[in-house]
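What follows is a set of notes on a single structure, which appears directly below.
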Amino acid sequence: MAAPGNLAVLESDLQSAVTLLKNLQDQVMAVTAQVQALTKKVQARAYPTEKGLSLLEVKDQLLLMYLMDLTHLILDKASGGSLQGHAAVLRLVEIRTVLEKLRPLDQKLKYQIDKLVKTAVTGILSENDPLRFKPHPSNMMSKLSSEDEEEDEAEGQSEASGKKSVKGTVKKYVPPRLVPVHYDETEAEREKKRLERARKRALSSSVIRELKEQYSDAPEEIRDARHPHVTRQSQEDQHRINYEESMMVRLSVSKREKGRRKRASVMNSQLHSLTHFSDISALTGGTPHLDEDQNPIKKRKKIPKKSRKKTGFRRRR
Amino acid sequence: MVTDVLHPRKATTPKTEIREKLTKMYKTTPDVVFVFGFRTHFGGDKSTGFGRIYDSLDYRKKNEPKHRLARHGLYEKKKTSRKP
């Protein structure tokens with residue numbers, strides 16, 4: 001039968017086989033005890049599953065069947081039979097396939113199962129549970145009832161769902177308090193801003209532009225460009241023109257408006273720009289100077305403005 | 001539409017002339033063409049105004065304001081007296 005070389009192998013195997021068998025026996029006894037305890041509990045209806053998730057029930061049954069077939073196979077193998085074409089193998093394969101297919105369903109239900117388990121263990125819903133924010137029709141007051149019913153003040157979070165309870169009593173309207181923002185633009189910052197603006201204006205003045213043209217290599221462009229300094233008057237004019245052309249109506253101009261326009265056009269139409277140059281002291285660092293006929297720089301006055309009420313007849317200038 | 005009229009070295013074109021020009025351009029009859037609101041730009045030579053051309057006499061009668069119809073003689077305003 002076995003060659004003398006194999007005998008030695010068999011002897012060493014024998015030792016490990018004996019220890020394995022002993023281990024097996026111990027474990028089998030432990031498992032049997034547990035299974036018997038479980039069976040007793042199930043038979044005593046300690047685990048009612050009628051109201052549970054049917055998926056979990058199906059999984060339970062499938063796993064049990066799998067175990068039964070597996071034990072059947074082990075029995076056959078241990079008593080020396082072969083597994084070729086055994087019916088239990090086919091059944092095992094079928095159950096295995098079904099369990100594999102159930103795994104993605106399990107994944108989808110994971111959140112629900114976890115929540116249910118947590119609720120069962122702790123007894124209450126957690127704070128962040130969105131189920132808390134569902135609308136409560138019992139909180140709404142019926143407009144038909146005449147007596148004042150008490151409102152359910154319990155869940156303030158139910159307001160967040162968008163269904164507000166209708167108030168029966170009329171309460172005084174309290175406007176929402178906006179948070180006042182701290183204003184701390186100091187004098188220095190104002191100075192800085194003013195200087196920035198003066199610098200920008202100086203950069204686009206005619207003196208600097210001509211210097212740029214003199215020293216740059218780019219070809220001279222003669223463009224019919226708009227006035228680089230868009231004054232308020234020109235902006236208003238443009239706005240008026242756009243409105244008139246889109247609405248196809250002609251708007252009337254008041255006397256005051258006419259005066260303003262005249263003043264603005266006088267400034268541009270004379271040979272004013274020949275001899276009067278804009279102030280570039282912001283770039284050169286000197287003191288801001290002005291020509292005699294230009295408007296003086298206004299200093300900020302700290303006197304509060306009087307309210308412009310129509311007291312009496314307003315003189316039309 | 002917005003109408004721009006160029007008239008170098010001349011005074012502002014009267015509305016009747018502009019109407020004739022528009023009828024020639026759009027190949028309609030002059031009684032459905034209405035122009036109004038002409039303002040001459042500073043310095044002369046160019047003026048801008050509005051023009052309206054209707055598809056039919058019915059539309060013109062319904063949609064055009066009465067004072068413009070009166071300018072063409074198609075509407076007579078009743079001179080009601082102030083005193084009762």
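So you can find residues: chains in the structure tokens are A, B, ... in the order shown, residues in each start at 1, and ligands are numbered from 1 in order.
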Residue list for chain A near chain B as a ChimeraX atom specification, 7 Å, only C-alpha atoms: /A:245,248,250
Within chain B, find each residue whose DSSP state, derived from the backbone, is helix (DSSP H, G or I), and express the selection as an NGL selection string. :B and (15-26 or 30-32 or 57-63 or 66-71)
Do you have the atom CA of Thr28 of chain B-atom CA of Lys46 of chain B distance handy? 25.0 Å
Please provide the set of residues having any atom within 12 Å of Thr16 of chain B, restricted to only C-alpha atoms, with same-chain residues fewer than 2 positions apart removed, written as a list in words.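 After dropping sequence-adjacent residues, the list is Thr12, Thr13, Pro14, Ile18, Arg19, Glu20, Lys21, Leu22, Thr23, Pro30, Asp31, Val33, Phe34, Val35, Phe36, Gly51, Arg71 and His72 of chain B.
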Pull all heavy atoms from the residues just selected and write them as a short mmCIF file (atom, residue, chain, number, x, y, z; two decimals), in the first residue's frame.
```cif
data_model
loop_
_atom_site.label_atom_id
_atom_site.label_comp_id
_atom_site.auth_asym_id
_atom_site.auth_seq_id
_atom_site.Cartn_x
_atom_site.Cartn_y
_atom_site.Cartn_z
N THR B 12 -33.84 122.26 -39.92
CA THR B 12 -34.44 120.97 -39.64
C THR B 12 -35.50 120.64 -40.68
O THR B 12 -36.31 121.49 -41.04
CB THR B 12 -35.09 120.98 -38.25
OG1 THR B 12 -34.16 121.57 -37.35
CG2 THR B 12 -35.42 119.58 -37.79
N THR B 13 -35.47 119.42 -41.17
CA THR B 13 -36.42 119.02 -42.21
C THR B 13 -37.83 118.99 -41.64
O THR B 13 -38.03 118.47 -40.55
CB THR B 13 -36.09 117.62 -42.73
OG1 THR B 13 -34.80 117.27 -42.27
CG2 THR B 13 -36.12 117.56 -44.21
N PRO B 14 -38.79 119.51 -42.36
CA PRO B 14 -40.17 119.42 -41.87
C PRO B 14 -40.68 117.98 -41.94
O PRO B 14 -40.18 117.16 -42.71
CB PRO B 14 -40.96 120.33 -42.83
CG PRO B 14 -40.09 120.54 -43.98
CD PRO B 14 -38.69 120.37 -43.56
N ILE B 18 -40.05 114.33 -44.40
CA ILE B 18 -39.56 113.06 -43.85
C ILE B 18 -40.57 111.96 -44.15
O ILE B 18 -40.20 110.81 -44.47
CB ILE B 18 -39.30 113.20 -42.34
CG1 ILE B 18 -38.24 114.27 -42.10
CG2 ILE B 18 -38.83 111.89 -41.76
CD1 ILE B 18 -37.98 114.57 -40.68
N ARG B 19 -41.84 112.29 -44.07
CA ARG B 19 -42.86 111.29 -44.38
C ARG B 19 -42.74 110.82 -45.82
O ARG B 19 -42.81 109.62 -46.11
CB ARG B 19 -44.25 111.88 -44.18
CG ARG B 19 -44.81 111.64 -42.80
CD ARG B 19 -46.14 112.28 -42.66
NE ARG B 19 -47.20 111.44 -43.19
CZ ARG B 19 -48.31 111.89 -43.72
NH1 ARG B 19 -48.51 113.19 -43.86
NH2 ARG B 19 -49.25 111.05 -44.13
N GLU B 20 -42.54 111.76 -46.72
CA GLU B 20 -42.41 111.37 -48.14
C GLU B 20 -41.22 110.44 -48.33
O GLU B 20 -41.30 109.41 -49.02
CB GLU B 20 -42.19 112.61 -48.99
CG GLU B 20 -43.44 113.38 -49.34
CD GLU B 20 -43.06 114.71 -49.98
OE1 GLU B 20 -42.16 114.70 -50.85
OE2 GLU B 20 -43.61 115.73 -49.56
N LYS B 21 -40.10 110.80 -47.69
CA LYS B 21 -38.90 109.98 -47.86
C LYS B 21 -39.15 108.57 -47.34
O LYS B 21 -38.75 107.57 -47.95
CB LYS B 21 -37.74 110.62 -47.08
CG LYS B 21 -37.12 111.80 -47.77
CD LYS B 21 -36.01 111.32 -48.69
CE LYS B 21 -35.62 112.34 -49.76
NZ LYS B 21 -35.57 113.71 -49.35
N LEU B 22 -39.82 108.48 -46.20
CA LEU B 22 -40.07 107.17 -45.61
C LEU B 22 -41.00 106.34 -46.49
O LEU B 22 -40.81 105.13 -46.64
CB LEU B 22 -40.66 107.32 -44.21
CG LEU B 22 -39.66 107.55 -43.08
CD1 LEU B 22 -40.38 107.76 -41.78
CD2 LEU B 22 -38.71 106.39 -42.94
N THR B 23 -42.00 106.98 -47.07
CA THR B 23 -42.90 106.19 -47.93
C THR B 23 -42.14 105.64 -49.12
O THR B 23 -42.38 104.51 -49.55
CB THR B 23 -44.07 107.06 -48.43
OG1 THR B 23 -43.55 108.23 -49.06
CG2 THR B 23 -44.99 107.44 -47.32
N PRO B 30 -48.53 107.19 -48.02
CA PRO B 30 -48.14 108.14 -46.98
C PRO B 30 -49.12 108.25 -45.83
O PRO B 30 -48.78 108.82 -44.80
CB PRO B 30 -48.03 109.47 -47.74
CG PRO B 30 -48.75 109.28 -49.01
CD PRO B 30 -48.71 107.82 -49.33
N ASP B 31 -50.32 107.72 -45.96
CA ASP B 31 -51.25 107.94 -44.86
C ASP B 31 -51.10 106.95 -43.71
O ASP B 31 -51.76 107.09 -42.69
CB ASP B 31 -52.71 107.95 -45.37
CG ASP B 31 -52.97 106.77 -46.28
OD1 ASP B 31 -52.02 106.01 -46.54
OD2 ASP B 31 -54.11 106.62 -46.73
N VAL B 33 -47.95 106.45 -42.51
CA VAL B 33 -46.64 106.79 -41.95
C VAL B 33 -46.81 107.98 -41.02
O VAL B 33 -47.40 108.99 -41.39
CB VAL B 33 -45.66 107.16 -43.08
CG1 VAL B 33 -44.31 107.50 -42.50
CG2 VAL B 33 -45.53 106.02 -44.06
N PHE B 34 -46.30 107.82 -39.79
CA PHE B 34 -46.38 108.90 -38.80
C PHE B 34 -44.99 109.16 -38.25
O PHE B 34 -44.31 108.24 -37.82
CB PHE B 34 -47.30 108.51 -37.65
CG PHE B 34 -48.74 108.46 -38.03
CD1 PHE B 34 -49.28 107.33 -38.61
CD2 PHE B 34 -49.55 109.56 -37.82
CE1 PHE B 34 -50.60 107.29 -38.97
CE2 PHE B 34 -50.88 109.52 -38.16
CZ PHE B 34 -51.41 108.39 -38.75
N VAL B 35 -44.58 110.41 -38.21
CA VAL B 35 -43.29 110.76 -37.60
C VAL B 35 -43.52 111.82 -36.54
O VAL B 35 -44.42 112.65 -36.65
CB VAL B 35 -42.28 111.27 -38.65
CG1 VAL B 35 -41.80 110.15 -39.51
CG2 VAL B 35 -42.87 112.37 -39.48
N PHE B 36 -42.70 111.78 -35.51
CA PHE B 36 -42.88 112.73 -34.42
C PHE B 36 -41.60 112.81 -33.59
O PHE B 36 -40.70 111.97 -33.73
CB PHE B 36 -44.05 112.30 -33.53
CG PHE B 36 -43.87 110.94 -32.92
CD1 PHE B 36 -43.41 110.80 -31.62
CD2 PHE B 36 -44.17 109.81 -33.65
CE1 PHE B 36 -43.27 109.55 -31.06
CE2 PHE B 36 -44.01 108.56 -33.09
CZ PHE B 36 -43.57 108.43 -31.80
N GLY B 51 -40.36 107.31 -35.92
CA GLY B 51 -41.29 107.12 -37.02
C GLY B 51 -42.09 105.85 -36.82
O GLY B 51 -41.61 104.90 -36.19
N ARG B 71 -53.19 115.75 -36.43
CA ARG B 71 -52.21 116.48 -37.24
C ARG B 71 -52.36 116.16 -38.72
O ARG B 71 -52.05 116.99 -39.57
CB ARG B 71 -50.80 116.08 -36.82
CG ARG B 71 -50.35 116.75 -35.55
CD ARG B 71 -48.93 116.34 -35.20
NE ARG B 71 -48.65 116.63 -33.80
CZ ARG B 71 -47.58 116.20 -33.17
NH1 ARG B 71 -46.71 115.43 -33.80
NH2 ARG B 71 -47.40 116.52 -31.92
N HIS B 72 -52.85 114.96 -39.00
CA HIS B 72 -53.05 114.59 -40.41
C HIS B 72 -54.47 114.84 -40.88
O HIS B 72 -54.82 114.49 -42.00
CB HIS B 72 -52.73 113.11 -40.60
CG HIS B 72 -51.27 112.83 -40.47
ND1 HIS B 72 -50.70 111.71 -40.99
CD2 HIS B 72 -50.28 113.53 -39.88
CE1 HIS B 72 -49.40 111.72 -40.72
NE2 HIS B 72 -49.13 112.81 -40.04
#
```
Write out as a list of chain:residue names all residues of chain B that backbone DSSP assigns to strand (DSSP E or B).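 Residues meeting the strand (DSSP E or B) criterion: B:Val2, B:Thr3, B:Asp4, B:Val5, B:Leu6, B:His7, B:Val33, B:Phe34, B:Val35, B:Phe36, B:Gly37, B:Phe38, B:Arg39, B:Thr40, B:Asp45, B:Lys46, B:Ser47, B:Thr48, B:Gly49, B:Phe50, B:Gly51, B:Arg52, B:Ile53.
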Please write the residues from the selection above to a file, keeping N, CA, C and O atoms, as a PDB file, in the first residue's frame.
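Saved the output as out_28.pdb:
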```pdb
ATOM      1  N   VAL B   2     -36.456 104.428 -34.731  1.00  0.00           N
ATOM      2  CA  VAL B   2     -35.751 105.685 -34.519  1.00  0.00           C
ATOM      3  C   VAL B   2     -35.247 106.175 -35.875  1.00  0.00           C
ATOM      4  O   VAL B   2     -34.631 105.421 -36.620  1.00  0.00           O
ATOM      5  N   THR B   3     -35.489 107.414 -36.155  1.00  0.00           N
ATOM      6  CA  THR B   3     -35.130 107.949 -37.471  1.00  0.00           C
ATOM      7  C   THR B   3     -34.053 109.014 -37.304  1.00  0.00           C
ATOM      8  O   THR B   3     -34.242 109.969 -36.559  1.00  0.00           O
ATOM      9  N   ASP B   4     -32.955 108.833 -38.003  1.00  0.00           N
ATOM     10  CA  ASP B   4     -31.897 109.842 -38.026  1.00  0.00           C
ATOM     11  C   ASP B   4     -31.916 110.548 -39.366  1.00  0.00           C
ATOM     12  O   ASP B   4     -31.921 109.895 -40.409  1.00  0.00           O
ATOM     13  N   VAL B   5     -31.935 111.877 -39.312  1.00  0.00           N
ATOM     14  CA  VAL B   5     -32.006 112.649 -40.557  1.00  0.00           C
ATOM     15  C   VAL B   5     -30.754 113.513 -40.652  1.00  0.00           C
ATOM     16  O   VAL B   5     -30.420 114.235 -39.706  1.00  0.00           O
ATOM     17  N   LEU B   6     -30.078 113.402 -41.784  1.00  0.00           N
ATOM     18  CA  LEU B   6     -28.903 114.250 -41.996  1.00  0.00           C
ATOM     19  C   LEU B   6     -29.282 115.354 -42.966  1.00  0.00           C
ATOM     20  O   LEU B   6     -29.730 115.077 -44.082  1.00  0.00           O
ATOM     21  N   HIS B   7     -29.093 116.614 -42.554  1.00  0.00           N
ATOM     22  CA  HIS B   7     -29.445 117.738 -43.416  1.00  0.00           C
ATOM     23  C   HIS B   7     -28.373 118.806 -43.273  1.00  0.00           C
ATOM     24  O   HIS B   7     -28.544 119.826 -42.589  1.00  0.00           O
ATOM     25  N   VAL B  33     -47.949 106.446 -42.514  1.00  0.00           N
ATOM     26  CA  VAL B  33     -46.639 106.792 -41.953  1.00  0.00           C
ATOM     27  C   VAL B  33     -46.813 107.984 -41.021  1.00  0.00           C
ATOM     28  O   VAL B  33     -47.396 108.995 -41.386  1.00  0.00           O
ATOM     29  N   PHE B  34     -46.295 107.818 -39.787  1.00  0.00           N
ATOM     30  CA  PHE B  34     -46.379 108.900 -38.800  1.00  0.00           C
ATOM     31  C   PHE B  34     -44.988 109.158 -38.247  1.00  0.00           C
ATOM     32  O   PHE B  34     -44.308 108.237 -37.823  1.00  0.00           O
ATOM     33  N   VAL B  35     -44.581 110.414 -38.207  1.00  0.00           N
ATOM     34  CA  VAL B  35     -43.290 110.758 -37.602  1.00  0.00           C
ATOM     35  C   VAL B  35     -43.520 111.823 -36.538  1.00  0.00           C
ATOM     36  O   VAL B  35     -44.421 112.652 -36.651  1.00  0.00           O
ATOM     37  N   PHE B  36     -42.697 111.781 -35.506  1.00  0.00           N
ATOM     38  CA  PHE B  36     -42.879 112.731 -34.415  1.00  0.00           C
ATOM     39  C   PHE B  36     -41.596 112.806 -33.588  1.00  0.00           C
ATOM     40  O   PHE B  36     -40.700 111.975 -33.731  1.00  0.00           O
ATOM     41  N   GLY B  37     -41.509 113.811 -32.754  1.00  0.00           N
ATOM     42  CA  GLY B  37     -40.438 113.918 -31.767  1.00  0.00           C
ATOM     43  C   GLY B  37     -39.078 114.232 -32.317  1.00  0.00           C
ATOM     44  O   GLY B  37     -38.087 113.677 -31.846  1.00  0.00           O
ATOM     45  N   PHE B  38     -38.957 115.094 -33.316  1.00  0.00           N
ATOM     46  CA  PHE B  38     -37.644 115.365 -33.889  1.00  0.00           C
ATOM     47  C   PHE B  38     -36.896 116.408 -33.096  1.00  0.00           C
ATOM     48  O   PHE B  38     -37.423 117.461 -32.779  1.00  0.00           O
ATOM     49  N   ARG B  39     -35.662 116.084 -32.744  1.00  0.00           N
ATOM     50  CA  ARG B  39     -34.798 117.016 -32.043  1.00  0.00           C
ATOM     51  C   ARG B  39     -33.486 117.129 -32.811  1.00  0.00           C
ATOM     52  O   ARG B  39     -32.879 116.114 -33.167  1.00  0.00           O
ATOM     53  N   THR B  40     -33.085 118.376 -33.031  1.00  0.00           N
ATOM     54  CA  THR B  40     -31.840 118.592 -33.773  1.00  0.00           C
ATOM     55  C   THR B  40     -30.669 118.584 -32.809  1.00  0.00           C
ATOM     56  O   THR B  40     -30.729 119.190 -31.746  1.00  0.00           O
ATOM     57  N   ASP B  45     -27.113 119.979 -38.660  1.00  0.00           N
ATOM     58  CA  ASP B  45     -26.755 118.912 -39.592  1.00  0.00           C
ATOM     59  C   ASP B  45     -27.406 117.575 -39.300  1.00  0.00           C
ATOM     60  O   ASP B  45     -27.427 116.718 -40.173  1.00  0.00           O
ATOM     61  N   LYS B  46     -27.855 117.347 -38.101  1.00  0.00           N
ATOM     62  CA  LYS B  46     -28.398 116.008 -37.816  1.00  0.00           C
ATOM     63  C   LYS B  46     -29.548 116.144 -36.831  1.00  0.00           C
ATOM     64  O   LYS B  46     -29.460 116.903 -35.856  1.00  0.00           O
ATOM     65  N   SER B  47     -30.597 115.427 -37.077  1.00  0.00           N
ATOM     66  CA  SER B  47     -31.691 115.399 -36.107  1.00  0.00           C
ATOM     67  C   SER B  47     -32.205 113.967 -35.976  1.00  0.00           C
ATOM     68  O   SER B  47     -32.099 113.161 -36.900  1.00  0.00           O
ATOM     69  N   THR B  48     -32.747 113.693 -34.798  1.00  0.00           N
ATOM     70  CA  THR B  48     -33.215 112.346 -34.478  1.00  0.00           C
ATOM     71  C   THR B  48     -34.654 112.413 -34.046  1.00  0.00           C
ATOM     72  O   THR B  48     -35.044 113.310 -33.299  1.00  0.00           O
ATOM     73  N   GLY B  49     -35.438 111.463 -34.515  1.00  0.00           N
ATOM     74  CA  GLY B  49     -36.844 111.413 -34.110  1.00  0.00           C
ATOM     75  C   GLY B  49     -37.368 110.007 -34.242  1.00  0.00           C
ATOM     76  O   GLY B  49     -36.603 109.062 -34.449  1.00  0.00           O
ATOM     77  N   PHE B  50     -38.667 109.878 -34.119  1.00  0.00           N
ATOM     78  CA  PHE B  50     -39.289 108.547 -34.174  1.00  0.00           C
ATOM     79  C   PHE B  50     -40.248 108.487 -35.332  1.00  0.00           C
ATOM     80  O   PHE B  50     -40.902 109.465 -35.655  1.00  0.00           O
ATOM     81  N   GLY B  51     -40.363 107.312 -35.917  1.00  0.00           N
ATOM     82  CA  GLY B  51     -41.289 107.122 -37.021  1.00  0.00           C
ATOM     83  C   GLY B  51     -42.086 105.846 -36.824  1.00  0.00           C
ATOM     84  O   GLY B  51     -41.610 104.897 -36.193  1.00  0.00           O
ATOM     85  N   ARG B  52     -43.319 105.853 -37.341  1.00  0.00           N
ATOM     86  CA  ARG B  52     -44.167 104.665 -37.208  1.00  0.00           C
ATOM     87  C   ARG B  52     -44.856 104.386 -38.519  1.00  0.00           C
ATOM     88  O   ARG B  52     -45.419 105.301 -39.122  1.00  0.00           O
ATOM     89  N   ILE B  53     -44.839 103.132 -38.919  1.00  0.00           N
ATOM     90  CA  ILE B  53     -45.520 102.741 -40.164  1.00  0.00           C
ATOM     91  C   ILE B  53     -46.486 101.617 -39.818  1.00  0.00           C
ATOM     92  O   ILE B  53     -46.088 100.615 -39.217  1.00  0.00           O
TER      93      ILE B  53
END
```
Report, in Å to a single decimal, how far apart atom CA of Gly285 of chain A and atom CA of Arg199 of chain A are.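 It comes out at 10.1 Å.
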d(atom CA of Lys51 of chain A, atom CA of Leu99 of chain A) in Å: 22.1 Å
At a cut-off of 9 Å, using only C-alpha atoms, what residues contact segment 258-262 of chain A? Leave out same-chain residues fewer than 4 positions from it and give the result as a list in words. Gln233, Ser234, Asp237, Val253, Ser254, Val266 and Met267 of chain A
